[in-house]
$ cat my_file35.cif   # mmCIF, C-alpha atoms
data_work
#
loop_
_atom_site.label_atom_id
_atom_site.label_comp_id
_atom_site.auth_asym_id
_atom_site.auth_seq_id
_atom_site.Cartn_x
_atom_site.Cartn_y
_atom_site.Cartn_z
CA MET A 412 43.64 -12.51 26.88
CA ALA A 413 46.22 -12.31 29.62
CA ARG A 414 44.73 -11.80 33.07
CA ALA A 415 45.51 -8.74 35.14
CA MET A 416 46.91 -9.70 38.53
CA THR A 417 49.35 -8.62 41.18
CA ARG A 418 52.33 -10.93 41.15
CA SER A 419 55.33 -11.02 43.43
CA ARG A 420 58.66 -11.78 41.87
CA SER A 421 59.52 -15.44 41.91
CA ALA A 422 62.58 -17.11 43.35
CA LEU A 423 63.54 -18.14 39.83
CA THR A 424 63.42 -14.55 38.59
CA GLU A 425 65.66 -13.58 41.47
CA ARG A 426 68.09 -16.30 40.44
CA ILE A 427 68.23 -14.76 36.97
CA SER A 428 68.79 -11.37 38.59
CA ALA A 429 71.66 -12.84 40.60
CA VAL A 430 73.28 -14.15 37.42
CA GLY A 431 72.72 -10.77 35.77
CA ILE A 432 73.49 -11.94 32.24
CA VAL A 433 71.34 -14.05 29.91
CA PRO A 434 73.29 -15.47 26.98
CA VAL A 435 71.31 -15.96 23.77
CA VAL A 436 72.35 -19.30 22.30
CA VAL A 437 71.58 -20.27 18.71
CA LEU A 438 72.41 -23.95 18.19
CA ASP A 439 72.60 -25.96 15.01
CA ASP A 440 73.48 -29.18 16.83
CA ALA A 441 71.74 -30.03 20.10
CA ASP A 442 74.54 -32.46 20.95
CA ARG A 443 76.68 -29.42 21.81
CA ALA A 444 74.14 -27.97 24.24
CA ARG A 445 75.48 -29.49 27.45
CA ASP A 446 79.04 -28.46 26.69
CA VAL A 447 77.86 -24.90 25.98
CA ALA A 448 75.86 -24.80 29.21
CA LEU A 449 78.74 -26.15 31.29
CA ALA A 450 81.17 -23.67 29.73
CA LEU A 451 78.84 -20.78 30.58
CA ARG A 452 78.22 -22.02 34.09
CA ASP A 453 81.88 -22.64 34.79
CA GLY A 454 82.65 -19.16 33.49
CA GLY A 455 80.20 -17.65 35.96
CA ILE A 456 76.97 -17.39 33.96
CA GLY A 457 74.50 -19.98 35.20
CA CYS A 458 71.71 -19.54 32.66
CA ALA A 459 70.97 -19.19 28.96
CA GLU A 460 68.08 -18.90 26.59
CA PHE A 461 68.24 -21.44 23.79
CA THR A 462 66.39 -19.84 20.93
CA LEU A 463 63.75 -21.67 18.96
CA ARG A 464 65.11 -20.16 15.73
CA THR A 465 66.58 -23.55 14.87
CA PRO A 466 65.16 -27.08 15.28
CA ALA A 467 67.91 -27.81 17.84
CA GLY A 468 66.54 -25.31 20.36
CA LEU A 469 63.98 -27.55 22.05
CA ALA A 470 66.36 -30.50 22.25
CA ALA A 471 69.00 -28.20 23.75
CA ILE A 472 66.60 -27.16 26.52
CA ALA A 473 65.77 -30.78 27.27
CA ALA A 474 69.46 -31.69 27.32
CA THR A 475 70.43 -28.97 29.79
CA ALA A 476 67.38 -28.66 32.06
CA ASP A 477 68.91 -30.99 34.67
CA ILE A 478 72.33 -29.34 34.95
CA ASP A 479 73.03 -28.29 38.52
CA GLY A 480 73.52 -24.56 38.89
CA PHE A 481 72.16 -23.77 35.44
CA LEU A 482 68.79 -22.43 34.26
CA ALA A 483 67.75 -23.53 30.79
CA GLY A 484 65.38 -21.09 29.12
CA ALA A 485 63.57 -20.88 25.80
CA GLY A 486 64.09 -17.88 23.56
CA THR A 487 62.22 -16.51 20.55
CA VAL A 488 58.95 -18.11 21.65
CA LEU A 489 56.47 -16.80 19.10
CA THR A 490 53.43 -19.05 19.20
CA VAL A 491 51.24 -20.97 21.62
CA GLU A 492 52.49 -24.17 20.00
CA GLN A 493 56.08 -23.20 20.71
CA ALA A 494 55.09 -22.32 24.26
CA ASP A 495 53.68 -25.83 24.73
CA ALA A 496 56.85 -27.34 23.27
CA ALA A 497 59.07 -25.24 25.58
CA ILE A 498 57.04 -26.38 28.59
CA ASP A 499 57.36 -30.01 27.51
CA ALA A 500 61.12 -29.60 27.00
CA GLY A 501 61.54 -28.49 30.61
CA ALA A 502 62.31 -24.79 30.17
CA SER A 503 62.66 -22.93 33.46
CA PHE A 504 61.97 -19.58 31.85
CA ALA A 505 61.02 -18.18 28.47
CA VAL A 506 61.78 -14.97 26.63
CA THR A 507 59.74 -13.57 23.77
CA PRO A 508 60.84 -10.88 21.29
CA GLY A 509 57.43 -9.20 21.37
CA TYR A 510 54.32 -9.21 23.52
CA ASP A 511 51.60 -11.78 22.79
CA PRO A 512 49.27 -12.25 25.77
CA ALA A 513 48.15 -15.70 24.55
CA VAL A 514 51.74 -16.96 24.44
CA ALA A 515 52.55 -15.42 27.82
CA ASP A 516 49.45 -16.93 29.41
CA ARG A 517 50.20 -20.39 28.06
CA LEU A 518 53.75 -20.30 29.42
CA ARG A 519 52.61 -19.07 32.82
CA ALA A 520 49.93 -21.74 32.98
CA GLY A 521 52.66 -24.31 32.34
CA GLY A 522 54.75 -23.07 35.25
CA VAL A 523 57.37 -21.30 33.12
CA GLU A 524 58.63 -17.88 34.20
CA VAL A 525 58.07 -15.45 31.32
CA VAL A 526 60.00 -12.33 30.36
CA PRO A 527 57.96 -10.88 27.50
CA GLY A 528 59.49 -8.58 24.93
CA VAL A 529 58.37 -4.96 24.61
CA ALA A 530 59.63 -1.89 22.81
CA THR A 531 57.32 1.01 23.67
CA PRO A 532 55.78 2.58 26.78
CA THR A 533 52.38 1.36 25.59
CA GLU A 534 53.62 -2.23 25.55
CA VAL A 535 55.27 -1.83 28.95
CA GLN A 536 51.98 -0.55 30.36
CA ARG A 537 50.07 -3.45 28.80
CA ALA A 538 52.51 -5.97 30.27
CA LEU A 539 52.27 -4.30 33.67
CA ALA A 540 48.45 -4.46 33.55
CA ASP A 541 48.71 -8.17 32.73
CA GLY A 542 50.78 -8.82 35.84
CA PHE A 543 54.35 -8.65 34.58
CA ARG A 544 57.02 -6.80 36.51
CA ASP A 545 60.02 -7.89 34.40
CA VAL A 546 60.15 -7.32 30.64
CA LYS A 547 62.68 -7.60 27.86
CA ILE A 548 63.47 -4.39 25.94
CA PHE A 549 64.19 -5.29 22.32
CA PRO A 550 66.04 -4.11 20.33
CA ALA A 551 67.58 -2.07 23.13
CA GLY A 552 70.56 -0.71 21.23
CA HIS A 553 68.45 0.61 18.36
CA LEU A 554 65.88 2.10 20.74
CA GLY A 555 68.44 4.25 22.54
CA GLY A 556 70.38 1.97 24.84
CA ALA A 557 70.69 2.66 28.53
CA GLY A 558 69.24 6.15 28.10
CA TYR A 559 66.01 4.65 26.80
CA LEU A 560 65.77 2.43 29.87
CA ASP A 561 66.27 5.52 32.04
CA ALA A 562 63.34 7.17 30.27
CA LEU A 563 61.12 4.12 30.82
CA HIS A 564 62.11 3.85 34.47
CA GLY A 565 60.54 7.22 35.24
CA PRO A 566 56.89 6.27 34.58
CA PHE A 567 57.44 2.59 35.40
CA PRO A 568 59.58 2.59 38.56
CA ASP A 569 58.46 -0.89 39.62
CA MET A 570 59.39 -2.52 36.32
CA ARG A 571 62.73 -4.22 35.74
CA PHE A 572 64.15 -4.50 32.26
CA VAL A 573 66.24 -7.01 30.32
CA PRO A 574 67.96 -5.09 27.51
CA SER A 575 68.63 -7.26 24.48
CA GLY A 576 69.74 -6.45 20.96
CA GLY A 577 72.91 -4.42 20.54
CA VAL A 578 74.27 -5.22 24.01
CA ASP A 579 78.01 -5.91 23.93
CA PRO A 580 80.97 -5.99 26.33
CA GLY A 581 81.35 -2.24 26.02
CA SER A 582 77.78 -1.48 27.12
CA LEU A 583 77.24 -4.38 29.53
CA GLY A 584 78.53 -2.60 32.61
CA ASP A 585 76.54 0.55 31.83
CA TYR A 586 73.32 -1.45 31.74
CA LEU A 587 74.09 -3.43 34.87
CA ARG A 588 74.81 -0.28 36.90
CA ARG A 589 71.08 0.43 36.83
CA SER A 590 69.16 -1.22 39.64
CA TRP A 591 66.10 -1.52 37.39
CA VAL A 592 67.96 -3.82 34.98
CA LEU A 593 67.13 -7.43 35.86
CA ALA A 594 69.84 -8.79 33.56
CA ALA A 595 71.46 -7.95 30.24
CA SER A 596 71.10 -10.28 27.28
CA GLY A 597 73.31 -10.96 24.30
CA SER A 598 74.97 -13.56 22.13
CA TRP A 599 78.57 -12.36 21.87
CA MET A 600 79.82 -14.76 24.58
CA VAL A 601 78.45 -17.77 22.67
CA PRO A 602 79.61 -17.25 19.07
CA ARG A 603 77.97 -19.67 16.70
CA ASP A 604 81.24 -20.52 14.96
CA ALA A 605 82.92 -21.40 18.27
CA ILE A 606 80.04 -23.73 19.10
CA ALA A 607 80.28 -25.35 15.67
CA ARG A 608 83.98 -26.13 16.05
CA GLY A 609 83.60 -27.28 19.66
CA ASP A 610 85.68 -24.44 21.06
CA PHE A 611 84.09 -24.34 24.50
CA ASP A 612 87.18 -22.76 26.08
CA THR A 613 86.43 -19.59 24.12
CA ILE A 614 82.89 -19.59 25.49
CA ARG A 615 84.10 -20.20 29.04
CA THR A 616 86.61 -17.36 28.78
CA ALA A 617 84.03 -14.96 27.31
CA ALA A 618 81.59 -15.88 30.08
CA ALA A 619 84.26 -15.23 32.71
CA ASP A 620 84.99 -11.83 31.16
CA CYS A 621 81.30 -10.93 31.35
CA ALA A 622 81.03 -12.21 34.91
CA ARG A 623 84.01 -10.05 35.85
CA ILE A 624 82.28 -6.94 34.47
CA ARG A 625 79.16 -7.85 36.42
CA ASP A 626 81.06 -8.40 39.64
CA ASP A 627 83.03 -5.17 39.26
CA VAL A 628 79.80 -3.20 38.80
CA ARG A 629 78.26 -4.77 41.89
CA ALA A 630 81.36 -4.16 43.98
CA ALA A 631 81.27 -0.47 43.04
CA ARG A 632 77.65 0.07 44.13
#
$ encode --input "my_file35.cif" --output "C-alpha cells"
Amino acid sequence: MARAMTRSRSALTERISAVGIVPVVVLDDADRARDVALALRDGGIGCAEFTLRTPAGLAAIAATADIDGFLAGAGTVLTVEQADAAIDAGASFAVTPGYDPAVADRLRAGGVEVVPGVATPTEVQRALADGFRDVKIFPAGHLGGAGYLDALHGPFPDMRFVPSGGVDPGSLGDYLRRSWVLAASGSWMVPRDAIARGDFDTIRTAAADCARIRDDVRAAR
C-alpha cells in the first residue's frame, strides 16, 4: 500500500511544469528514439513519455536518458515489473493511465518521479492521501475537458493536473491557461507514421507550434 506523506514538489516536476507539454511517443523502432527526442527538444519541448505499449519503449528511454535538456519518461506503466524495468532504463519520470499504489510506490522507491493517472474525485483523493500533488487526468477529453478540471480544482485546490486523452492543438491553450494544469499531454506532435518514415522535421515543426501556443498563453497571463 502506498504510504501517506507530505511531499514537496520536486525540481524535476517543476522542470516538467516549465516545459508545459508532455508528448506521448509510441515507438516501433527504438533506433529512432534519439532523433525523435532531439526534434522535440529543438522544437521547444524538452521531455516526452515513451510508452511501454511496444517493446521499443524501454530501449527508447535508455537511448534518450542522457540527452542534455531532455527528460525521458516512461508511459503506460501498468505493473510493478514494468516499474522496475523503467527504473533500470533510466526514466526520469513515469506516467500511469490509472492508479495502482503498488506501482507508484515501486517507482518512487526507485527515485522516479510519478504522475499517476486518475479519473474520478475518489481517485484524486486517494492519490492526495498517498502523498501525490500532481496527477494525470485520463481520458480528459471524454471526462469533460477543461471544465472537468475546473470542477476538480474546487475541492482539490492544491492538486495540479496533467490532462491527457483528447487533448489537441485546439484545446491545448485552454488547458494551459489554468494555473492548476502542470502540463498537457498528447501524441499529435509525434505522429507514428512520421516517426516510421524518419520525418523528424514534421515533429520539430509540430513541437514548435505547440511551444508557441504555450508561450503565447504564458505571455498573456
$ resolve_selection --input "my_file35.cif" --expression "the PyMOL selection byres ((chain A and resi 554) around 12)" --output "number ranges by chain"
A: 529-532, 548-553, 555-563, 574-578
$ resolve_selection --input "my_file35.cif" --expression "the PyMOL selection byres ((chain A and resi 456) around 7)" --output "PDB file with C-alpha atoms, keeping the file's coordinate frame"
ATOM      1  CA  VAL A 430      73.280 -14.150  37.420  1.00  0.00           C
ATOM      2  CA  ILE A 432      73.490 -11.940  32.240  1.00  0.00           C
ATOM      3  CA  LEU A 451      78.840 -20.780  30.580  1.00  0.00           C
ATOM      4  CA  ARG A 452      78.220 -22.020  34.090  1.00  0.00           C
ATOM      5  CA  GLY A 454      82.650 -19.160  33.490  1.00  0.00           C
ATOM      6  CA  GLY A 455      80.200 -17.650  35.960  1.00  0.00           C
ATOM      7  CA  GLY A 457      74.500 -19.980  35.200  1.00  0.00           C
ATOM      8  CA  CYS A 458      71.710 -19.540  32.660  1.00  0.00           C
ATOM      9  CA  ALA A 618      81.590 -15.880  30.080  1.00  0.00           C
ATOM     10  CA  ALA A 622      81.030 -12.210  34.910  1.00  0.00           C
TER      11      ALA A 622
END
$ residues_around --input "my_file35.cif" --residues "Leu463 of chain A" --least-positions-apart "5" --cutoff "7 Å" --atoms "all atoms listed in the file" --output "PyMOL selection string"
chain A and resi 468-469+485-488
$ resolve_selection --input "my_file35.cif" --expression "the PyMOL selection byres ((chain A and resi 446) around 10)" --output "PDB file with C-alpha atoms, in the frame of the given file"
ATOM      1  CA  ALA A 441      71.740 -30.030  20.100  1.00  0.00           C
ATOM      2  CA  ASP A 442      74.540 -32.460  20.950  1.00  0.00           C
ATOM      3  CA  ARG A 443      76.680 -29.420  21.810  1.00  0.00           C
ATOM      4  CA  ALA A 444      74.140 -27.970  24.240  1.00  0.00           C
ATOM      5  CA  ARG A 445      75.480 -29.490  27.450  1.00  0.00           C
ATOM      6  CA  VAL A 447      77.860 -24.900  25.980  1.00  0.00           C
ATOM      7  CA  ALA A 448      75.860 -24.800  29.210  1.00  0.00           C
ATOM      8  CA  LEU A 449      78.740 -26.150  31.290  1.00  0.00           C
ATOM      9  CA  ALA A 450      81.170 -23.670  29.730  1.00  0.00           C
ATOM     10  CA  LEU A 451      78.840 -20.780  30.580  1.00  0.00           C
ATOM     11  CA  ARG A 452      78.220 -22.020  34.090  1.00  0.00           C
ATOM     12  CA  THR A 475      70.430 -28.970  29.790  1.00  0.00           C
ATOM     13  CA  ILE A 606      80.040 -23.730  19.100  1.00  0.00           C
ATOM     14  CA  GLY A 609      83.600 -27.280  19.660  1.00  0.00           C
ATOM     15  CA  ASP A 610      85.680 -24.440  21.060  1.00  0.00           C
ATOM     16  CA  PHE A 611      84.090 -24.340  24.500  1.00  0.00           C
ATOM     17  CA  ASP A 612      87.180 -22.760  26.080  1.00  0.00           C
ATOM     18  CA  ILE A 614      82.890 -19.590  25.490  1.00  0.00           C
ATOM     19  CA  ARG A 615      84.100 -20.200  29.040  1.00  0.00           C
TER      20      ARG A 615
END
$ closest_residue --input "my_file35.cif" --among "A:Leu539, A:Val435, A:Ala474, A:Leu489" --to "Arg571 of chain A" --atoms "only C-alpha atoms"
A:Leu539
$ atom_distance --input "my_file35.cif" --atom1 "atom CA of Ala502 of chain A" --atom2 "atom CA of Glu425 of chain A"
16.3 Å
$ atom_distance --input "my_file35.cif" --atom1 "atom CA of Leu587 of chain A" --atom2 "atom CA of Ala476 of chain A"
26.3 Å
$ residues_around --input "my_file35.cif" --residues "Asp604 of chain A" --least-positions-apart "2" --cutoff "12 Å" --atoms "all atoms listed in the file" --output "short mmCIF file (atom, residue, chain, number, x, y, z; two decimals) with C-alpha atoms, in the frame of the given file"
data_model
loop_
_atom_site.label_atom_id
_atom_site.label_comp_id
_atom_site.auth_asym_id
_atom_site.auth_seq_id
_atom_site.Cartn_x
_atom_site.Cartn_y
_atom_site.Cartn_z
CA VAL A 436 72.35 -19.30 22.30
CA VAL A 437 71.58 -20.27 18.71
CA LEU A 438 72.41 -23.95 18.19
CA ASP A 439 72.60 -25.96 15.01
CA ASP A 440 73.48 -29.18 16.83
CA SER A 598 74.97 -13.56 22.13
CA TRP A 599 78.57 -12.36 21.87
CA MET A 600 79.82 -14.76 24.58
CA VAL A 601 78.45 -17.77 22.67
CA PRO A 602 79.61 -17.25 19.07
CA ILE A 606 80.04 -23.73 19.10
CA ALA A 607 80.28 -25.35 15.67
CA ARG A 608 83.98 -26.13 16.05
CA GLY A 609 83.60 -27.28 19.66
CA ASP A 610 85.68 -24.44 21.06
CA PHE A 611 84.09 -24.34 24.50
CA THR A 613 86.43 -19.59 24.12
CA ILE A 614 82.89 -19.59 25.49
#
$ closest_residue --input "my_file35.cif" --among "A:Gly581, A:Gly484, A:Pro508, A:Gly521" --to "Thr424 of chain A" --atoms "only C-alpha atoms"
A:Gly484
$ residues_near_point --input "my_file35.cif" --point "(52.3, -11.7, 25.7)" --cutoff "9 Å" --atoms "only C-alpha atoms" --output "number ranges by chain"
A: 412-413, 507, 509-516, 525, 527-528, 538, 541
$ closest_residue --input "my_file35.cif" --among "A:Glu524, A:Asp627, A:Asp479, A:Glu460" --to "Phe543 of chain A" --atoms "all atoms listed in the file"
A:Glu524
$ closest_residue --input "my_file35.cif" --among "A:Glu534, A:Asp545, A:Asp477, A:Asp620" --to "Ala500 of chain A" --atoms "only C-alpha atoms"
A:Asp477
$ atom_distance --input "my_file35.cif" --atom1 "atom CA of Val628 of chain A" --atom2 "atom CA of Val433 of chain A"
16.4 Å
